[in-house]
file entry_15.txt (compact mmCIF, C-alpha atoms and all ligand atoms)
# COMPACT_ATOMS: atom_id res chain seq x y z
CA MET H 1 177.32 126.62 186.77
CA THR H 2 174.84 127.92 184.19
CA GLU H 3 173.10 125.41 181.91
CA ALA H 4 174.99 126.76 178.88
CA ARG H 5 178.38 126.14 180.51
CA LYS H 6 177.70 122.61 181.75
CA PRO H 7 179.43 119.93 179.70
CA ILE H 8 177.10 118.17 177.31
CA VAL H 9 179.02 114.89 177.66
CA GLN H 10 180.87 113.77 180.75
CA ILE H 11 182.59 110.39 180.78
CA GLU H 12 184.32 109.37 183.98
CA LYS H 13 186.41 106.35 184.93
CA LEU H 14 184.98 104.36 182.03
CA TRP H 15 185.85 100.69 181.65
CA SER H 16 184.59 98.73 178.66
CA THR H 17 185.29 95.02 178.47
CA PHE H 18 184.06 92.39 176.05
CA ARG H 19 184.11 88.66 176.42
CA ALA H 20 184.59 86.54 173.33
CA ALA H 21 185.85 82.98 172.86
CA GLY H 22 186.56 82.62 176.57
CA GLN H 23 188.78 85.74 176.59
CA THR H 24 188.04 89.09 178.18
CA SER H 25 189.40 92.12 176.33
CA VAL H 26 189.66 95.49 177.99
CA ILE H 27 188.91 98.22 175.46
CA HIS H 28 188.69 101.26 177.75
CA GLN H 29 190.38 101.55 181.12
CA ASP H 30 189.75 104.55 183.37
CA LEU H 31 188.85 106.70 180.38
CA ASP H 32 187.77 110.28 181.10
CA LEU H 33 186.35 112.65 178.48
CA THR H 34 184.49 115.91 178.98
CA ILE H 35 182.90 117.67 176.01
CA ALA H 36 181.71 121.25 176.38
CA ARG H 37 178.66 122.54 174.55
CA GLY H 38 179.35 123.97 171.11
CA GLU H 39 182.57 122.07 170.45
CA LEU H 40 183.31 120.22 167.25
CA LEU H 41 185.40 117.41 168.65
CA SER H 42 187.24 114.83 166.56
CA ILE H 43 188.10 111.53 168.22
CA VAL H 44 191.13 109.80 166.74
CA GLY H 45 192.92 106.61 167.70
CA GLY H 46 194.25 103.33 166.42
CA SER H 47 192.10 100.69 164.76
CA GLY H 48 190.13 98.68 167.32
CA GLY H 49 190.88 101.24 170.04
CA GLY H 50 187.23 101.62 170.99
CA LYS H 51 186.17 104.84 169.27
CA THR H 52 182.95 103.45 167.82
CA VAL H 53 182.15 101.78 171.15
CA LEU H 54 182.53 105.20 172.77
CA LEU H 55 180.03 106.74 170.35
CA ARG H 56 177.59 103.88 170.95
CA GLN H 57 177.89 104.45 174.69
CA MET H 58 177.14 108.18 174.26
CA LEU H 59 174.12 107.21 172.19
CA GLY H 60 172.95 104.87 174.95
CA LEU H 61 173.16 101.74 172.84
CA GLU H 62 175.80 100.20 175.12
CA THR H 63 176.18 100.28 178.87
CA PRO H 64 179.67 100.76 180.32
CA THR H 65 181.17 97.87 182.27
CA ARG H 66 182.20 100.40 184.92
CA GLY H 67 182.20 104.17 185.25
CA SER H 68 179.69 106.65 183.87
CA VAL H 69 178.70 108.16 180.53
CA MET H 70 176.49 111.19 181.11
CA VAL H 71 174.80 113.14 178.31
CA GLN H 72 173.08 116.38 179.26
CA GLY H 73 173.44 115.45 182.89
CA ARG H 74 171.75 112.04 182.62
CA PRO H 75 173.13 108.53 182.13
CA ALA H 76 173.28 108.01 178.37
CA ASP H 77 171.81 104.52 178.56
CA GLU H 78 168.81 105.66 180.60
CA LEU H 79 166.64 106.19 177.56
CA GLY H 80 168.26 103.63 175.28
CA ARG H 81 166.81 103.70 171.80
CA ALA H 82 163.42 105.12 172.76
CA GLY H 83 163.52 108.91 172.81
CA ALA H 84 167.26 109.04 172.18
CA ALA H 85 166.82 110.78 168.82
CA SER H 86 165.67 114.01 170.48
CA ARG H 87 168.83 114.17 172.61
CA VAL H 88 171.45 112.73 170.28
CA GLY H 89 171.58 112.39 166.50
CA MET H 90 173.85 109.68 165.12
CA LEU H 91 175.29 109.14 161.68
CA PHE H 92 176.60 105.56 161.62
CA GLN H 93 179.55 104.67 159.42
CA HIS H 94 177.52 102.15 157.47
CA GLY H 95 174.23 103.80 158.35
CA ALA H 96 172.35 102.66 155.31
CA LEU H 97 169.02 104.21 154.53
CA PHE H 98 165.94 102.01 154.44
CA SER H 99 166.08 100.88 150.82
CA SER H 100 162.33 100.52 150.37
CA PHE H 101 161.58 104.02 151.72
CA THR H 102 161.85 107.24 149.74
CA VAL H 103 164.29 109.96 150.79
CA LEU H 104 161.51 111.85 152.59
CA GLU H 105 160.22 108.71 154.35
CA ASN H 106 163.74 107.95 155.54
CA ILE H 107 164.20 111.43 156.99
CA ALA H 108 160.76 111.37 158.60
CA PHE H 109 161.21 107.91 160.14
CA PRO H 110 162.20 108.89 163.74
CA LEU H 111 159.37 111.43 163.92
CA ARG H 112 156.83 108.99 162.51
CA GLU H 113 157.94 106.33 165.01
CA LEU H 114 157.28 108.80 167.81
CA GLY H 115 153.65 108.88 166.69
CA THR H 116 152.79 112.24 168.24
CA LEU H 117 152.60 114.50 165.19
CA PRO H 118 150.09 114.49 162.31
CA ALA H 119 151.43 113.04 159.05
CA SER H 120 151.29 116.39 157.21
CA LEU H 121 153.46 118.07 159.85
CA VAL H 122 155.94 115.17 159.85
CA ARG H 123 156.24 115.57 156.06
CA ASP H 124 156.77 119.33 156.35
CA VAL H 125 159.49 118.93 159.00
CA ALA H 126 161.25 116.28 156.90
CA MET H 127 161.12 118.58 153.87
CA VAL H 128 162.75 121.40 155.85
CA LYS H 129 165.54 119.05 156.95
CA LEU H 130 166.05 117.88 153.36
CA GLN H 131 166.71 121.46 152.30
CA MET H 132 168.81 122.11 155.40
CA VAL H 133 171.33 119.49 154.23
CA GLY H 134 171.56 121.12 150.81
CA LEU H 135 169.27 118.82 148.82
CA GLU H 136 166.56 120.16 146.56
CA ALA H 137 162.91 119.26 147.05
CA ARG H 138 162.92 117.36 143.74
CA HIS H 139 164.97 114.60 145.43
CA ALA H 140 162.33 113.97 148.12
CA HIS H 141 160.59 111.11 146.36
CA LYS H 142 163.68 109.35 145.01
CA MET H 143 164.70 105.94 146.30
CA PRO H 144 168.09 105.50 148.05
CA ALA H 145 169.37 103.35 145.15
CA ASP H 146 169.06 106.40 142.87
CA LEU H 147 171.31 108.62 145.04
CA SER H 148 175.07 109.25 144.95
CA GLY H 149 177.18 108.37 148.02
CA GLY H 150 177.34 112.03 149.04
CA MET H 151 173.56 112.39 148.79
CA VAL H 152 173.02 109.24 150.90
CA LYS H 153 175.20 110.77 153.64
CA ARG H 154 173.23 114.01 153.48
CA VAL H 155 169.89 112.19 153.75
CA ALA H 156 171.22 110.18 156.72
CA LEU H 157 172.36 113.44 158.29
CA ALA H 158 168.92 114.99 157.77
CA ARG H 159 167.40 111.93 159.47
CA ALA H 160 169.84 112.25 162.40
CA LEU H 161 168.83 115.90 162.84
CA VAL H 162 165.09 115.54 162.29
CA MET H 163 164.30 115.90 166.00
CA ASP H 164 166.70 118.82 166.52
CA PRO H 165 169.05 117.07 168.95
CA PRO H 166 171.67 119.35 170.55
CA LEU H 167 174.36 116.67 170.09
CA LEU H 168 175.37 115.05 166.80
CA LEU H 169 177.65 111.98 166.67
CA LEU H 170 179.32 110.97 163.41
CA ASP H 171 181.30 107.80 162.74
CA GLU H 172 183.74 108.29 159.84
CA PRO H 173 181.43 110.73 158.02
CA THR H 174 183.62 111.18 154.94
CA ALA H 175 184.73 107.54 154.54
CA GLY H 176 183.96 106.25 151.06
CA LEU H 177 183.23 109.69 149.58
CA ASP H 178 185.21 111.11 146.67
CA PRO H 179 187.28 114.21 147.56
CA ASP H 180 184.71 116.72 146.21
CA SER H 181 181.81 115.08 148.05
CA ALA H 182 183.92 114.87 151.22
CA ASP H 183 184.75 118.59 150.95
CA GLY H 184 181.10 119.45 150.39
CA PHE H 185 180.05 117.36 153.37
CA CYS H 186 182.66 119.07 155.60
CA THR H 187 181.43 122.51 154.54
CA LEU H 188 177.87 121.44 155.34
CA LEU H 189 178.89 120.14 158.78
CA GLN H 190 180.72 123.34 159.53
CA SER H 191 177.74 125.52 158.69
CA LEU H 192 175.26 123.30 160.58
CA HIS H 193 177.57 123.32 163.61
CA ARG H 194 177.60 127.11 163.53
CA GLU H 195 174.01 127.83 162.58
CA LEU H 196 172.25 125.23 164.73
CA ASP H 197 174.52 125.71 167.74
CA LEU H 198 175.21 121.98 167.64
CA THR H 199 177.82 120.08 169.57
CA VAL H 200 179.43 117.67 167.11
CA VAL H 201 181.50 114.62 168.04
CA MET H 202 183.11 112.86 165.12
CA VAL H 203 185.29 109.76 164.83
CA THR H 204 187.55 110.10 161.82
CA HIS H 205 190.92 109.08 160.42
CA ASP H 206 190.79 111.79 157.78
CA LEU H 207 193.40 114.43 158.58
CA ASP H 208 191.96 117.05 156.23
CA THR H 209 188.57 116.71 157.92
CA ILE H 210 190.16 116.88 161.37
CA PHE H 211 192.12 120.05 160.67
CA GLU H 212 189.39 121.79 158.71
CA LEU H 213 186.63 121.27 161.21
CA SER H 214 187.77 120.49 164.74
CA THR H 215 187.72 122.94 167.61
CA ARG H 216 189.28 120.14 169.71
CA VAL H 217 190.80 116.72 169.12
CA ALA H 218 190.68 113.83 171.61
CA VAL H 219 193.20 111.04 171.11
CA VAL H 220 192.29 107.55 172.34
CA ALA H 221 195.41 105.44 172.94
CA ASP H 222 196.51 102.99 175.61
CA LYS H 223 192.80 102.40 176.42
CA HIS H 224 192.11 106.00 177.49
CA VAL H 225 192.09 109.61 176.26
CA VAL H 226 195.72 110.71 176.29
CA ILE H 227 194.98 114.30 175.24
CA ASN H 228 191.89 116.41 174.56
CA ALA H 229 192.89 119.85 173.30
CA PRO H 230 192.77 122.22 170.32
CA PRO H 231 194.39 120.70 167.18
CA GLY H 232 197.55 122.84 167.37
CA GLU H 233 198.27 121.56 170.88
CA VAL H 234 197.50 117.96 170.02
CA VAL H 235 199.97 117.78 167.13
CA ALA H 236 202.75 119.00 169.45
CA PHE H 237 201.92 116.39 172.10
CA ASP H 238 204.68 113.93 172.82
CA HIS H 239 203.08 110.51 172.43
CA PRO H 240 204.08 107.79 169.93
CA PHE H 241 200.59 107.41 168.45
CA VAL H 242 200.14 111.16 168.12
CA GLN H 243 203.53 111.64 166.48
CA ASP H 244 202.94 108.77 164.08
CA PHE H 245 199.41 109.85 163.18
CA PHE H 246 200.00 113.57 162.70
CA ARG H 247 203.64 113.73 161.71
CA GLY H 248 203.66 111.26 158.80
CA GLY H 249 203.57 112.51 155.17
CA ARG H 250 199.79 112.89 155.12
CA GLY H 251 199.99 114.68 158.44
CA HIS H 252 202.40 117.29 157.14
CA ARG H 253 200.12 118.12 154.23
CA ALA H 254 197.06 118.41 156.45
CA MET H 255 198.94 120.43 159.07
CA ALA H 256 199.57 123.08 156.43
CA LEU H 257 195.89 123.92 157.03
CA LEU H 258 196.85 125.04 160.53
CA GLN H 259 199.44 127.51 159.18
CA PRO H 260 198.25 131.00 158.29
CA THR H 261 198.33 131.64 154.53
CA PRO H 262 200.66 134.46 153.33
CA ASP H 263 197.56 136.58 152.50
CA ALA H 264 196.26 136.18 156.03
CA VAL H 265 199.47 137.40 157.65
N1 LIG H 301 179.65 93.94 171.16
C1 LIG H 301 180.94 93.58 171.13
N2 LIG H 301 181.34 92.35 171.52
C2 LIG H 301 182.63 91.98 171.49
N3 LIG H 301 183.62 92.80 171.09
C3 LIG H 301 183.29 94.05 170.69
C4 LIG H 301 181.94 94.49 170.68
N4 LIG H 301 181.91 95.78 170.24
C5 LIG H 301 183.20 96.10 169.98
N5 LIG H 301 184.01 95.07 170.24
C6 LIG H 301 185.47 95.07 170.09
O1 LIG H 301 185.97 96.25 170.70
C7 LIG H 301 187.10 96.72 169.98
C8 LIG H 301 186.92 98.18 169.69
O2 LIG H 301 185.99 98.32 168.64
P1 LIG H 301 185.63 99.72 167.95
O3 LIG H 301 184.80 99.38 166.75
O4 LIG H 301 185.06 100.65 168.94
O5 LIG H 301 187.07 100.25 167.50
P2 LIG H 301 187.42 101.53 166.66
O6 LIG H 301 188.39 102.32 167.45
O7 LIG H 301 186.17 102.25 166.25
O8 LIG H 301 188.15 100.88 165.42
P3 LIG H 301 188.22 101.30 163.86
O9 LIG H 301 188.99 102.59 163.78
O10 LIG H 301 188.96 100.17 163.24
O11 LIG H 301 186.80 101.44 163.36
C9 LIG H 301 187.25 95.85 168.76
O12 LIG H 301 188.24 94.90 169.01
C10 LIG H 301 185.90 95.19 168.64
O13 LIG H 301 186.01 93.92 168.04
call {"tool": "encode", "arguments": {"input": "entry_15.txt", "output": "C-alpha cells", "more": "lines below"}}
Ligand SMILES: Nc1ncnc2c1ncn2[C@@H]1O[C@H](COP(=O)(O)OP(=O)(O)OP(=O)(O)O)[C@@H](O)[C@H]1O
result
Amino acid sequence: MTEARKPIVQIEKLWSTFRAAGQTSVIHQDLDLTIARGELLSIVGGSGGGKTVLLRQMLGLETPTRGSVMVQGRPADELGRAGAASRVGMLFQHGALFSSFTVLENIAFPLRELGTLPASLVRDVAMVKLQMVGLEARHAHKMPADLSGGMVKRVALARALVMDPPLLLLDEPTAGLDPDSADGFCTLLQSLHRELDLTVVMVTHDLDTIFELSTRVAVVADKHVVINAPPGEVVAFDHPFVQDFFRGGRGHRAMALLQPTPDAV
C-alpha cells in the first residue's frame, strides 16, 4: 500500500475502562475505527459515550486499557505530549487560550516550547497562521480577553496548526458560538481541510456542521462504532440512536442540506 493510501488513524479492538468509587465502567468495548487520509470525519454519539476519550487517545494523552490506537502507523501514546503537536493538532472544547499571553504568543507557544527555531522565525510562522485562520495582523498583540468567542476559536485553531500537523482533532468546535460565527468557522474548516490536505476528525452534536462538512460520519453507540460511512448512508442506517439523532425535527432540517437544490438539478 502506498503511503498516501494508508489510513492515518487505525483503532482496533479498543477497550477503555475507568475505575471510580470502587466501580469499573466500560466506555469502549471492541471498538474499531479506521480513518483514511483526507477525510473530514464527524464522530457522533450519546452523552458520556466516550467520544472525547477517543480524541484524547488519538492525541496520545490517554492509553487504551486494551487494543491499539495507531496514528500514522505508530502507537498514538508513544510520543505523549512531547512532539505530538507536529503529528496531531487538537482544538479542545474548552481549550482556553493562555490569558496572560497575546494572540501571537498563544499561537507561537508550541513552536517556542520546541526551542529549535530562532524567536524571529517563530514570530513569522505564528503571523502566517494568524492570517491563515482569517484574522488580520492588527489582532496579533491583543489579549484573549479582548477577543470575541469566534476569534478565540480561530486563535486556538491557529495554535493547533502551527506545526503543520497532517491530522486535526476538534472537540465540539462550534459549541458556544452564535450562528454567524459558527457558519464562519465551518467555512474556514472546509477551506483549510481542502487547501492544507488535512485529515480532520471532529466530535460534534451540531447537525448543520455535520451535514455541511463531513465526508464521513462515525456513530459511537453501544460502546463501539456502529457505522462509519458517508452521511447519506448513515442517516438511512437502522439503529435506534441513529434514527433518534438524525430523524428528529432538527435532523429533518439539517438533512435538507443533503438534498440537491432545485437549481442544482
Ligand atoms: N479520566 C477519567 N476517569 C474516570 N472516568 C472518565 C475519565 N475520562 C472520562 N471518563 C468517563 O468516561 C465517560 C465518557 O466520557 P467522554 O467525555 O469521552 O464522553 P463524550 O461522549 O465525549 O460525552 P459528551 O458528548 O457528553 O461530551 C464519561 O462517563 C466520563 O465521566
call {"tool": "residues_near_ligand", "arguments": {"input": "entry_15.txt", "ligand": "ligand LIG 301 (chain H)", "cutoff": "6 Å", "atoms": "only C-alpha atoms and all ligand atoms", "output": "list in words"}}
result
Phe18, Ile27, Gly46, Ser47, Gly48, Gly49, Gly50, Lys51, Thr52 and Val53 of chain H
call {"tool": "write_last_selection", "arguments": {"input": "entry_15.txt", "atoms": "C-alpha atoms", "output": "short mmCIF file (atom, residue, chain, number, x, y, z; two decimals), in the frame of the given file"}}
result
data_model
loop_
_atom_site.label_atom_id
_atom_site.label_comp_id
_atom_site.auth_asym_id
_atom_site.auth_seq_id
_atom_site.Cartn_x
_atom_site.Cartn_y
_atom_site.Cartn_z
CA PHE H 18 184.06 92.39 176.05
CA ILE H 27 188.91 98.22 175.46
CA GLY H 46 194.25 103.33 166.42
CA SER H 47 192.10 100.69 164.76
CA GLY H 48 190.13 98.68 167.32
CA GLY H 49 190.88 101.24 170.04
CA GLY H 50 187.23 101.62 170.99
CA LYS H 51 186.17 104.84 169.27
CA THR H 52 182.95 103.45 167.82
CA VAL H 53 182.15 101.78 171.15
#
call {"tool": "residues_around", "arguments": {"input": "entry_15.txt", "residues": "segment 231-244 of chain H", "least_positions_apart": "4", "cutoff": "7 Å", "atoms": "all atoms listed in the file", "output": "list in words"}}
result
Phe211, Arg216, Val217, Ile227 and Gly248 of chain H
call {"tool": "atom_distance", "arguments": {"input": "entry_15.txt", "atom1": "atom CA of Val201 of chain H", "atom2": "atom CA of Arg112 of chain H"}}
result
25.9 Å
call {"tool": "closest_residue", "arguments": {"input": "entry_15.txt", "among": "H:Lys153, H:Gly45, H:Pro179, H:Arg66", "to": "Phe245 of chain H", "atoms": "all atoms listed in the file"}}
result
H:Gly45
call {"tool": "closest_residue", "arguments": {"input": "entry_15.txt", "among": "H:Thr63, H:Thr204, H:Gln131, H:Thr34", "to": "Pro7 of chain H", "atoms": "only C-alpha atoms"}}
result
H:Thr34
call {"tool": "decode", "arguments": {"input": "entry_15.txt", "residues": "segment 46-76 of chain H", "atoms": "C-alpha atoms", "output": "PDB file, in the first residue's frame"}}
result
ATOM      1  CA  GLY H  46     -24.761   9.909  23.069  1.00  0.00           C
ATOM      2  CA  SER H  47     -23.566  11.970  26.009  1.00  0.00           C
ATOM      3  CA  GLY H  48     -20.882  10.139  28.001  1.00  0.00           C
ATOM      4  CA  GLY H  49     -20.385   7.628  25.185  1.00  0.00           C
ATOM      5  CA  GLY H  50     -16.631   8.163  25.082  1.00  0.00           C
ATOM      6  CA  LYS H  51     -16.133  10.485  22.106  1.00  0.00           C
ATOM      7  CA  THR H  52     -13.794  12.879  23.899  1.00  0.00           C
ATOM      8  CA  VAL H  53     -11.878   9.940  25.386  1.00  0.00           C
ATOM      9  CA  LEU H  54     -11.416   8.665  21.834  1.00  0.00           C
ATOM     10  CA  LEU H  55      -9.942  12.001  20.718  1.00  0.00           C
ATOM     11  CA  ARG H  56      -7.633  12.065  23.742  1.00  0.00           C
ATOM     12  CA  GLN H  57      -6.443   8.562  22.869  1.00  0.00           C
ATOM     13  CA  MET H  58      -5.704   9.640  19.267  1.00  0.00           C
ATOM     14  CA  LEU H  59      -3.767  12.571  20.664  1.00  0.00           C
ATOM     15  CA  GLY H  60      -1.767  10.228  22.888  1.00  0.00           C
ATOM     16  CA  LEU H  61      -2.952  11.763  26.145  1.00  0.00           C
ATOM     17  CA  GLU H  62      -4.596   8.507  27.249  1.00  0.00           C
ATOM     18  CA  THR H  63      -3.509   4.921  26.848  1.00  0.00           C
ATOM     19  CA  PRO H  64      -6.143   2.320  25.935  1.00  0.00           C
ATOM     20  CA  THR H  65      -6.941  -0.343  28.518  1.00  0.00           C
ATOM     21  CA  ARG H  66      -6.736  -2.899  25.708  1.00  0.00           C
ATOM     22  CA  GLY H  67      -6.390  -2.804  21.942  1.00  0.00           C
ATOM     23  CA  SER H  68      -4.461  -0.332  19.822  1.00  0.00           C
ATOM     24  CA  VAL H  69      -4.736   3.275  18.668  1.00  0.00           C
ATOM     25  CA  MET H  70      -2.305   3.897  15.824  1.00  0.00           C
ATOM     26  CA  VAL H  71      -1.702   7.309  14.252  1.00  0.00           C
ATOM     27  CA  GLN H  72       0.430   7.429  11.129  1.00  0.00           C
ATOM     28  CA  GLY H  73       1.443   3.851  11.740  1.00  0.00           C
ATOM     29  CA  ARG H  74       2.699   4.376  15.308  1.00  0.00           C
ATOM     30  CA  PRO H  75       1.031   3.934  18.695  1.00  0.00           C
ATOM     31  CA  ALA H  76      -0.579   7.288  19.489  1.00  0.00           C
TER      32      ALA H  76
END
